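Working notes, structure below.
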Amino acid sequence: LSSHLLANSDFFTGAFPAEYGNATSGVFDIFMRPGNNSQHEYAIQLGLIGIDVASEGPFRKEGQSSYIFNYRYSTLSLLTPLLPEDAEGTNYQDLSFKLNFPTYNAGVFSVWGIGLADKSGTRAETDPLLWNYFQDRQSQNVEQYMAAGGLNHRFFPGESKSLQTGIAINGSGLYMITDEYLREGQLHPRNRINNNHLNLVLTSKLNQKFSSRHTNHSGLTATLFHYGLTMDNAQALGEPLQKITDQSGNSWLFSFFTSSKLRLGKNFDMTCGVHVQKFSLNSNYSIEPRLAAQFQINSNQSAGLAYGLHSRLERMNIYLLKAENGEMPNRNLEFSKSHHFVGNYSISTGGYTIIKIEPYYQTLTNIPVRPNSSFALINLKDDWFIDYVLKNQGEGYNLGCDFTIERFISNGFYSLFTASVFDSRYKAGDGIWRNTRYNRNYLFNILSGKEWNTGSRKQNLFSVNGRASFQGGDRIIPVNYAASERANEVIPDEERAFEEQLDPQFILHFTINYKINRKKHASTWSLNVINATGVKEFYGFRKNLQTGTIDKNNESIVIPNISYKIEF
């Protein structure tokens, strides 16, 4: 979503309220704002990486209804000299909108939607002498899409009640074609992958204030998941395509929640609730209590504790895996579960600065793992198709502390510092405790900016904004060199899963803006640089066909963008 459409949104990372389910790590509850219902506003931005067009306003002059939409098209073609080989083939576009219709007696109706499509690909080298890696002889085209839309209704049946009802549909998909050159110069099919998801969501929530000391929020949701995957692959170079899988299916997830906020004293609040969900495919269910307490120590300090049991489903293709005899061995997998224990303390040191400390501990149970193996679904990243029989025998934990110093904007200056120190481990089907893929151990962020008023009447604005991150490297599975030599391809050493850690990363992004304010319009010149430090991302290991060695595939993508934006 473009920031042009975003309203205040909520981001929860632990022991989140009973309203949210089917998630064990975090929730980002995003809201789209209504458009301006009193006057029309427009914005057009042109830059090196594309265009951005937005508009909002009333449907008629004296009405309360409004619209807002945003369209973006981006391409990296103009930045070809600065990008890795073939990255200039990447382009993407998205469109989002919201229509808002308040009524006198029937509440507020809103229609919203978002859609995106992007294309990327690589071109094969036609000269065999330039084939350093298998990927060099491959030509690939990838098309991805996502679309979502819905109708929401908010109604006030009484002075202390509000009822929200919604229906939404969302889908996503990917189609990938890979061809590979033979030594004879022929382009031969290597794989064809078509992966799609479609969900239908029905929801209704009632918010009721019983008294000044008790407010309740309850609701129910029904979600229909549909999934389809076809995958054809050539087992070896030059061989014909073979059907690896052709599977599809659907199932319902039903959930109910109720949560009450209680004022137990002048400075003491408690929120308690429960979230219940049932998966129709195998009739498994989960009952999840949630509890949080917050104490206002004085006008500047507060402290709290929270607990929550959370669970989630895995991807539908995991449950729908079919064996040769037609049975589905993973059909009866249970929900993955996590107990969250979170503390918080905050202090305001003055009019503009807040310090927050949040220690946490999370235990994970029922993690699907492969028996007698290091494989666990919590480390899943980019696997298209998994044909493992899984059991809910895995465990894990996350232990850490988050620290935040936030200075709200004053005299044109703002800053935000966050630090996270943590340990993330899991135990798979072989009974050995290991680092998870994401156990970076530490992460530090600084976000800061300064604004200056310029011009003859101080009507213009010059600003510099930046974000710097220093973080530990991802964990990776080392290479089994002996097995790789025998197979003539990269074979990971699963018994040493995630023993190795990549180097720490220092990442810097910055933006320089100059905004000129006129009577009827404003224009902004911007310079934005993403990954100004040129940090390289790790994309796995690959066999060097020229030297016979196994190399790391590291690529650095620095994206500078100069743009001009006019608002009127």
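Identifiers for the structure tokens are assigned positionally: chains receive A, B, ... in sequence, residues are indexed from 1 per chain, and ligands are indexed from 1 in the order shown.
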
### Task
Quick one: everything within 7 Å of Ile559 (chain A), counting only C-alpha atoms, minus sequence neighbours fewer than 6 positions away in the same chain. Send it as a PyMOL selection string.
chain A and resi 529-531

Test item: residues at most 7 Å from region 488-494 of chain A, only C-alpha atoms, excluding those fewer than 3 positions along its chain, as a short mmCIF file (atom, residue, chain, number, x, y, z; two decimals) with N, CA, C and O atoms, in the first residue's frame:
data_model
loop_
_atom_site.label_atom_id
_atom_site.label_comp_id
_atom_site.auth_asym_id
_atom_site.auth_seq_id
_atom_site.Cartn_x
_atom_site.Cartn_y
_atom_site.Cartn_z
N SER A 374 16.54 -32.55 10.45
CA SER A 374 16.62 -31.19 10.98
C SER A 374 15.55 -30.28 10.39
O SER A 374 15.48 -29.10 10.73
N ILE A 477 22.47 -23.07 6.05
CA ILE A 477 22.85 -24.47 6.11
C ILE A 477 24.14 -24.64 5.32
O ILE A 477 24.20 -24.28 4.14
N PRO A 478 25.21 -25.17 5.93
CA PRO A 478 26.47 -25.34 5.20
C PRO A 478 26.33 -26.35 4.07
O PRO A 478 25.36 -27.11 3.99
N VAL A 479 27.32 -26.35 3.21
CA VAL A 479 27.34 -27.28 2.07
C VAL A 479 27.96 -28.61 2.48
O VAL A 479 28.97 -28.65 3.20
N ASN A 480 27.36 -29.70 2.03
CA ASN A 480 27.97 -31.02 2.16
C ASN A 480 28.84 -31.23 0.92
O ASN A 480 28.35 -31.64 -0.14
N ALA A 483 29.07 -34.89 -0.69
CA ALA A 483 27.86 -35.27 -1.42
C ALA A 483 27.69 -34.40 -2.66
O ALA A 483 27.21 -34.88 -3.70
N SER A 484 28.07 -33.16 -2.59
CA SER A 484 27.95 -32.26 -3.74
C SER A 484 28.87 -32.69 -4.87
O SER A 484 28.53 -32.60 -6.05
N GLU A 485 30.05 -33.17 -4.50
CA GLU A 485 31.00 -33.63 -5.51
C GLU A 485 30.46 -34.86 -6.23
O GLU A 485 30.57 -34.98 -7.46
N ALA A 497 22.45 -28.07 10.12
CA ALA A 497 21.53 -27.00 9.73
C ALA A 497 21.72 -25.75 10.59
O ALA A 497 21.73 -25.82 11.82
N PHE A 541 24.01 -21.01 -2.34
CA PHE A 541 25.25 -21.50 -2.95
C PHE A 541 24.97 -21.97 -4.38
O PHE A 541 23.86 -22.37 -4.72
N ARG A 542 26.02 -21.96 -5.22
CA ARG A 542 25.89 -22.47 -6.58
C ARG A 542 27.23 -23.02 -7.07
O ARG A 542 28.29 -22.55 -6.66
N LYS A 543 27.13 -24.01 -7.95
CA LYS A 543 28.31 -24.69 -8.47
C LYS A 543 28.90 -23.89 -9.64
O LYS A 543 28.20 -23.54 -10.58
#

### Task
Step one, run DSSP on the backbone; step two, keep only residues of region 144-327 of chain A assigned to strand (DSSP E); then write them as JSON, numbers by chain.
{"A": [144, 145, 146, 147, 148, 149, 150, 151, 152, 153, 154, 155, 156, 157, 158, 161, 162, 163, 164, 165, 166, 167, 168, 169, 170, 171, 172, 173, 174, 175, 176, 177, 178, 179, 180, 181, 187, 188, 189, 190, 191, 192, 193, 194, 195, 196, 197, 198, 199, 200, 201, 202, 203, 204, 205, 206, 207, 208, 209, 210, 211, 214, 215, 216, 217, 218, 219, 220, 221, 222, 223, 224, 225, 226, 227, 228, 229, 230, 231, 232, 233, 242, 243, 244, 245, 246, 247, 248, 249, 250, 251, 252, 253, 254, 255, 256, 257, 258, 259, 260, 261, 262, 263, 264, 265, 268, 269, 270, 271, 272, 273, 274, 275, 276, 277, 278, 279, 284, 285, 286, 287, 288, 289, 290, 291, 292, 293, 294, 295, 296, 301, 302, 303, 304, 305, 306, 307, 308, 309, 310, 311, 312]}

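Among the candidates A:Leu95, A:Ala23, A:Ile446, A:Ala168, the one nearest to Val53 (chain A) when counting only C-alpha atoms is A:Leu95.
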
#### Entry: Two-atom distance - CA of Arg370 (chain A), CA of Leu390 (chain A) (Å)
4.9 Å

So that each row is one residue of region 379-463 of chain A with an atom at most 12 Å from region 219-242 of chain A, can you give its shortest atom pair and the distance in Å to one decimal, using only C-alpha atoms, rows by chain and rising number, as JSON lines?
{"residue": "A:Trp384", "atom": "CA", "partner": "A:Met231", "partner_atom": "CA", "distance": 8.7}
{"residue": "A:Phe385", "atom": "CA", "partner": "A:Met231", "partner_atom": "CA", "distance": 8.4}
{"residue": "A:Ile386", "atom": "CA", "partner": "A:Leu229", "partner_atom": "CA", "distance": 11.6}

### Message
List the spatial neighbours of Ser410 (chain A) as a list in words - criterion: any atom at most 12 Å away, only C-alpha atoms, same-chain residues fewer than 2 positions off excluded.
### Response
Gly350, Gly351, Tyr352, Thr353, Glu406, Arg407, Phe408, Gly412, Phe413, Tyr414, Ser415, Gly449, Lys450, Glu451 and Trp452 of chain A

Using all heavy atoms, can you write the selected residues to a file as a compact mmCIF listing (two decimals), in the first residue's frame?
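Here's the written file again08.txt:
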# COMPACT_ATOMS: atom_id res chain seq x y z
N GLY A 350 10.23 13.83 29.20
CA GLY A 350 9.96 15.24 28.95
C GLY A 350 8.79 15.35 28.00
O GLY A 350 8.04 14.40 27.80
N GLY A 351 8.65 16.48 27.39
CA GLY A 351 7.52 16.69 26.51
C GLY A 351 7.59 15.95 25.20
O GLY A 351 6.58 15.77 24.52
N TYR A 352 8.79 15.48 24.80
CA TYR A 352 8.94 14.94 23.46
C TYR A 352 9.59 13.56 23.39
O TYR A 352 9.68 12.98 22.32
CB TYR A 352 9.76 15.91 22.59
CG TYR A 352 9.17 17.28 22.51
CD1 TYR A 352 9.73 18.33 23.23
CD2 TYR A 352 8.05 17.55 21.74
CE1 TYR A 352 9.20 19.61 23.17
CE2 TYR A 352 7.51 18.82 21.67
CZ TYR A 352 8.08 19.84 22.39
OH TYR A 352 7.55 21.11 22.33
N THR A 353 10.06 13.02 24.51
CA THR A 353 10.82 11.77 24.48
C THR A 353 10.19 10.68 25.33
O THR A 353 9.78 10.95 26.47
CB THR A 353 12.27 12.01 24.94
OG1 THR A 353 12.85 13.04 24.14
CG2 THR A 353 13.09 10.74 24.82
N GLU A 406 12.12 7.11 21.61
CA GLU A 406 11.41 7.86 20.56
C GLU A 406 11.33 9.33 20.95
O GLU A 406 10.87 9.67 22.04
CB GLU A 406 10.02 7.29 20.35
CG GLU A 406 9.26 7.95 19.22
CD GLU A 406 7.93 7.26 18.93
OE1 GLU A 406 7.54 6.36 19.70
OE2 GLU A 406 7.30 7.63 17.92
N ARG A 407 11.78 10.17 20.04
CA ARG A 407 11.67 11.62 20.23
C ARG A 407 10.74 12.17 19.16
O ARG A 407 11.05 12.13 17.97
CB ARG A 407 13.03 12.30 20.13
CG ARG A 407 12.98 13.80 20.48
CD ARG A 407 14.34 14.46 20.23
NE ARG A 407 14.38 15.82 20.73
CZ ARG A 407 13.90 16.89 20.11
NH1 ARG A 407 13.30 16.74 18.93
NH2 ARG A 407 14.00 18.09 20.64
N PHE A 408 9.58 12.66 19.59
CA PHE A 408 8.61 13.21 18.65
C PHE A 408 9.14 14.51 18.06
O PHE A 408 10.00 15.18 18.65
CB PHE A 408 7.26 13.44 19.35
CG PHE A 408 6.71 12.19 19.97
CD1 PHE A 408 6.68 12.03 21.35
CD2 PHE A 408 6.22 11.16 19.17
CE1 PHE A 408 6.17 10.88 21.91
CE2 PHE A 408 5.70 10.01 19.73
CZ PHE A 408 5.68 9.87 21.10
N GLY A 412 11.46 20.83 14.25
CA GLY A 412 11.82 20.21 12.99
C GLY A 412 12.65 18.95 13.10
O GLY A 412 13.05 18.37 12.08
N PHE A 413 12.93 18.47 14.32
CA PHE A 413 13.79 17.30 14.49
C PHE A 413 13.02 16.16 15.14
O PHE A 413 12.25 16.36 16.06
CB PHE A 413 15.01 17.66 15.36
CG PHE A 413 15.90 16.50 15.66
CD1 PHE A 413 16.77 15.99 14.70
CD2 PHE A 413 15.86 15.88 16.91
CE1 PHE A 413 17.58 14.91 14.97
CE2 PHE A 413 16.67 14.79 17.19
CZ PHE A 413 17.54 14.32 16.21
N TYR A 414 13.23 14.95 14.63
CA TYR A 414 12.64 13.76 15.24
C TYR A 414 13.65 12.63 15.16
O TYR A 414 14.57 12.64 14.33
CB TYR A 414 11.35 13.35 14.51
CG TYR A 414 11.59 12.77 13.14
CD1 TYR A 414 11.76 11.39 12.95
CD2 TYR A 414 11.68 13.59 12.02
CE1 TYR A 414 12.00 10.87 11.69
CE2 TYR A 414 11.93 13.08 10.76
CZ TYR A 414 12.08 11.71 10.60
OH TYR A 414 12.33 11.19 9.35
N SER A 415 13.51 11.63 16.01
CA SER A 415 14.40 10.47 15.96
C SER A 415 13.73 9.28 16.64
O SER A 415 12.86 9.43 17.50
CB SER A 415 15.75 10.77 16.64
OG SER A 415 15.55 11.06 18.01
N GLY A 449 15.48 12.51 11.35
CA GLY A 449 15.32 13.50 10.31
C GLY A 449 15.25 14.91 10.87
O GLY A 449 14.99 15.12 12.06
N LYS A 450 15.52 15.86 9.99
CA LYS A 450 15.51 17.26 10.38
C LYS A 450 14.87 18.08 9.26
O LYS A 450 15.14 17.86 8.07
CB LYS A 450 16.94 17.74 10.65
CG LYS A 450 17.10 19.24 10.88
CD LYS A 450 16.40 19.73 12.14
CE LYS A 450 16.65 21.22 12.36
NZ LYS A 450 15.91 21.76 13.52
N GLU A 451 14.02 19.03 9.64
CA GLU A 451 13.34 19.91 8.68
C GLU A 451 13.73 21.36 8.96
O GLU A 451 13.86 21.77 10.12
CB GLU A 451 11.82 19.76 8.80
CG GLU A 451 11.31 18.36 8.48
CD GLU A 451 9.80 18.24 8.68
OE1 GLU A 451 9.23 19.13 9.35
OE2 GLU A 451 9.21 17.28 8.19
N TRP A 452 13.89 22.13 7.87
CA TRP A 452 14.18 23.55 7.98
C TRP A 452 13.20 24.33 7.11
O TRP A 452 12.97 23.97 5.95
CB TRP A 452 15.60 23.87 7.51
CG TRP A 452 16.69 23.30 8.33
CD1 TRP A 452 17.32 23.87 9.40
CD2 TRP A 452 17.33 22.02 8.14
NE1 TRP A 452 18.29 23.05 9.89
CE2 TRP A 452 18.33 21.91 9.13
CE3 TRP A 452 17.14 20.98 7.23
CZ2 TRP A 452 19.13 20.78 9.23
CZ3 TRP A 452 17.95 19.86 7.33
CH2 TRP A 452 18.92 19.76 8.31

### Task
Please identify all polymer residues within 8 Å of Tyr145 (chain A), counting only C-alpha atoms, omitting same-chain residues fewer than 2 positions from it, and present them as an MDAnalysis selection string.
chainID A and resid 115:118 143 147 172:174

### Query
Excluding same-chain residues fewer than 6 positions from Thr24 (chain A), what lies within 12 Å of it counting only C-alpha atoms, as a ChimeraX atom specification?
/A:12-16,288,308-314,335-340,362-367,378,397-398

### Task
Give me every helix (DSSP H, G or I) residue in region 245-433 of chain A, going by DSSP on the backbone, as number ranges by chain.
A: 316-319, 377-379

Could you dump the residues just selected with all heavy atoms as a PDB file, in the first residue's frame?
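Written out: out00.pdb:
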ATOM      1  N   MET A 316      -1.726 -24.386   2.805  1.00  0.00           N
ATOM      2  CA  MET A 316      -2.688 -25.415   2.430  1.00  0.00           C
ATOM      3  C   MET A 316      -2.033 -26.591   1.718  1.00  0.00           C
ATOM      4  O   MET A 316      -2.467 -27.738   1.857  1.00  0.00           O
ATOM      5  CB  MET A 316      -3.787 -24.818   1.551  1.00  0.00           C
ATOM      6  CG  MET A 316      -4.815 -24.004   2.308  1.00  0.00           C
ATOM      7  SD  MET A 316      -5.760 -24.994   3.491  1.00  0.00           S
ATOM      8  CE  MET A 316      -6.602 -26.120   2.373  1.00  0.00           C
ATOM      9  N   ASN A 317      -0.969 -26.335   0.939  1.00  0.00           N
ATOM     10  CA  ASN A 317      -0.348 -27.441   0.210  1.00  0.00           C
ATOM     11  C   ASN A 317       0.267 -28.476   1.144  1.00  0.00           C
ATOM     12  O   ASN A 317       0.441 -29.632   0.763  1.00  0.00           O
ATOM     13  CB  ASN A 317       0.709 -26.914  -0.760  1.00  0.00           C
ATOM     14  CG  ASN A 317       1.869 -26.237  -0.055  1.00  0.00           C
ATOM     15  OD1 ASN A 317       1.683 -25.253   0.659  1.00  0.00           O
ATOM     16  ND2 ASN A 317       3.060 -26.755  -0.221  1.00  0.00           N
ATOM     17  N   ILE A 318       0.591 -28.081   2.380  1.00  0.00           N
ATOM     18  CA  ILE A 318       1.127 -29.044   3.342  1.00  0.00           C
ATOM     19  C   ILE A 318       0.067 -30.090   3.683  1.00  0.00           C
ATOM     20  O   ILE A 318       0.337 -31.302   3.708  1.00  0.00           O
ATOM     21  CB  ILE A 318       1.601 -28.327   4.621  1.00  0.00           C
ATOM     22  CG1 ILE A 318       2.676 -27.275   4.289  1.00  0.00           C
ATOM     23  CG2 ILE A 318       2.110 -29.336   5.652  1.00  0.00           C
ATOM     24  CD1 ILE A 318       3.941 -27.855   3.718  1.00  0.00           C
ATOM     25  N   TYR A 319      -1.160 -29.634   3.935  1.00  0.00           N
ATOM     26  CA  TYR A 319      -2.247 -30.552   4.306  1.00  0.00           C
ATOM     27  C   TYR A 319      -2.714 -31.387   3.113  1.00  0.00           C
ATOM     28  O   TYR A 319      -3.176 -32.516   3.287  1.00  0.00           O
ATOM     29  CB  TYR A 319      -3.432 -29.766   4.865  1.00  0.00           C
ATOM     30  CG  TYR A 319      -3.111 -28.962   6.093  1.00  0.00           C
ATOM     31  CD1 TYR A 319      -2.770 -27.610   5.988  1.00  0.00           C
ATOM     32  CD2 TYR A 319      -3.133 -29.525   7.360  1.00  0.00           C
ATOM     33  CE1 TYR A 319      -2.469 -26.859   7.103  1.00  0.00           C
ATOM     34  CE2 TYR A 319      -2.835 -28.783   8.486  1.00  0.00           C
ATOM     35  CZ  TYR A 319      -2.503 -27.447   8.354  1.00  0.00           C
ATOM     36  OH  TYR A 319      -2.193 -26.707   9.463  1.00  0.00           O
ATOM     37  N   LEU A 377       9.058 -26.656   9.721  1.00  0.00           N
ATOM     38  CA  LEU A 377       8.351 -25.661   8.906  1.00  0.00           C
ATOM     39  C   LEU A 377       8.593 -24.225   9.362  1.00  0.00           C
ATOM     40  O   LEU A 377       8.375 -23.293   8.594  1.00  0.00           O
ATOM     41  CB  LEU A 377       6.847 -25.956   8.911  1.00  0.00           C
ATOM     42  CG  LEU A 377       6.377 -27.120   8.029  1.00  0.00           C
ATOM     43  CD1 LEU A 377       4.859 -27.195   8.017  1.00  0.00           C
ATOM     44  CD2 LEU A 377       6.897 -26.983   6.603  1.00  0.00           C
ATOM     45  N   ILE A 378       9.041 -24.022  10.603  1.00  0.00           N
ATOM     46  CA  ILE A 378       9.271 -22.631  11.042  1.00  0.00           C
ATOM     47  C   ILE A 378      10.455 -22.003  10.304  1.00  0.00           C
ATOM     48  O   ILE A 378      10.631 -20.786  10.348  1.00  0.00           O
ATOM     49  CB  ILE A 378       9.498 -22.533  12.565  1.00  0.00           C
ATOM     50  CG1 ILE A 378      10.706 -23.371  12.996  1.00  0.00           C
ATOM     51  CG2 ILE A 378       8.263 -22.928  13.321  1.00  0.00           C
ATOM     52  CD1 ILE A 378      11.073 -23.158  14.448  1.00  0.00           C
ATOM     53  N   ASN A 379      11.270 -22.824   9.620  1.00  0.00           N
ATOM     54  CA  ASN A 379      12.388 -22.292   8.839  1.00  0.00           C
ATOM     55  C   ASN A 379      12.073 -22.209   7.355  1.00  0.00           C
ATOM     56  O   ASN A 379      12.956 -21.878   6.551  1.00  0.00           O
ATOM     57  CB  ASN A 379      13.621 -23.179   9.027  1.00  0.00           C
ATOM     58  CG  ASN A 379      14.138 -23.166  10.449  1.00  0.00           C
ATOM     59  OD1 ASN A 379      14.360 -22.105  11.024  1.00  0.00           O
ATOM     60  ND2 ASN A 379      14.312 -24.345  11.023  1.00  0.00           N
TER      61      ASN A 379
END

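Nearest residue to Ala468 (chain A) among A:Tyr20, A:Trp433, A:Tyr481, A:Phe510 is A:Phe510, counting only C-alpha atoms.
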
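Between Thr271 (chain A) and the candidates A:Glu184, A:Glu537, A:Glu324, A:Glu19, the tightest atom-to-atom separation, counting only C-alpha atoms, involves A:Glu19.
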
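Minimum distance to Gln247 (chain A) across A:Leu182, A:Leu46, A:Leu321, A:Leu151 (counting only C-alpha atoms) occurs at A:Leu321.
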
Using only C-alpha atoms, which residues sit within 8 Å of region 28-40 of chain A once same-chain residues fewer than 4 positions away are excluded, as a compact mmCIF listing (two decimals) with N, CA and C atoms, in the first residue's frame?
# COMPACT_ATOMS: atom_id res chain seq x y z
N LEU A 5 -2.41 6.32 1.18
CA LEU A 5 -3.72 5.80 1.59
C LEU A 5 -3.78 5.32 3.03
N LEU A 6 -2.64 5.22 3.68
CA LEU A 6 -2.62 4.60 5.00
C LEU A 6 -3.20 5.51 6.08
N ALA A 7 -4.05 4.93 6.93
CA ALA A 7 -4.48 5.59 8.16
C ALA A 7 -3.65 5.01 9.31
N ASN A 8 -3.91 5.45 10.53
CA ASN A 8 -3.21 4.88 11.68
C ASN A 8 -3.46 3.38 11.72
N SER A 9 -2.39 2.60 11.81
CA SER A 9 -2.48 1.15 11.78
C SER A 9 -1.79 0.56 13.00
N ASP A 10 -2.11 -0.68 13.32
CA ASP A 10 -1.59 -1.33 14.52
C ASP A 10 -0.63 -2.45 14.15
N PHE A 11 0.50 -2.51 14.86
CA PHE A 11 1.48 -3.56 14.65
C PHE A 11 1.75 -4.24 15.99
N PHE A 12 1.44 -5.53 16.07
CA PHE A 12 1.61 -6.29 17.31
C PHE A 12 2.68 -7.36 17.10
N SER A 55 -5.37 10.62 -6.23
CA SER A 55 -6.45 11.59 -6.24
C SER A 55 -7.44 11.24 -5.13
N GLU A 56 -8.08 12.24 -4.57
CA GLU A 56 -9.12 12.04 -3.57
C GLU A 56 -10.06 13.23 -3.58
N GLY A 57 -11.27 13.01 -3.08
CA GLY A 57 -12.22 14.10 -3.02
C GLY A 57 -13.65 13.60 -2.87
N PRO A 58 -14.62 14.53 -2.81
CA PRO A 58 -16.03 14.16 -2.66
C PRO A 58 -16.63 13.76 -4.01
N PHE A 59 -17.69 12.94 -3.96
CA PHE A 59 -18.41 12.61 -5.18
C PHE A 59 -19.27 13.78 -5.64
N LYS A 61 -20.40 18.06 -4.31
CA LYS A 61 -19.90 19.16 -3.49
C LYS A 61 -20.39 19.15 -2.05
N GLU A 62 -21.68 18.96 -1.84
CA GLU A 62 -22.22 19.08 -0.49
C GLU A 62 -22.52 17.73 0.15
N GLY A 63 -22.00 16.64 -0.42
CA GLY A 63 -22.23 15.32 0.14
C GLY A 63 -21.10 14.92 1.08
N GLN A 64 -21.31 13.81 1.79
CA GLN A 64 -20.32 13.30 2.71
C GLN A 64 -19.50 12.14 2.13
N SER A 65 -19.94 11.61 1.01
CA SER A 65 -19.23 10.49 0.39
C SER A 65 -17.93 10.96 -0.25
N SER A 66 -16.98 10.05 -0.33
CA SER A 66 -15.67 10.43 -0.86
C SER A 66 -15.00 9.23 -1.52
N TYR A 67 -13.94 9.53 -2.26
CA TYR A 67 -13.12 8.49 -2.88
C TYR A 67 -11.66 8.83 -2.67
N ILE A 68 -10.81 7.81 -2.76
CA ILE A 68 -9.37 8.01 -2.77
C ILE A 68 -8.76 6.85 -3.56
N LYS A 98 -10.32 3.39 -2.13
CA LYS A 98 -11.36 3.23 -1.12
C LYS A 98 -12.46 4.24 -1.42
N LEU A 99 -13.70 3.74 -1.42
CA LEU A 99 -14.89 4.58 -1.60
C LEU A 99 -15.65 4.56 -0.29
N ASN A 100 -15.99 5.73 0.21
CA ASN A 100 -16.62 5.85 1.52
C ASN A 100 -18.00 6.49 1.38

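Of note, CA of Leu502 (chain A) and CA of Asp474 (chain A) are spaced 5.6 Å apart.
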
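Ranking A:Asn330, A:Asn372, A:Asn344, A:Ser3 by their shortest atom-to-atom distance to Tyr307 (chain A), with only C-alpha atoms included, puts A:Asn344 first.
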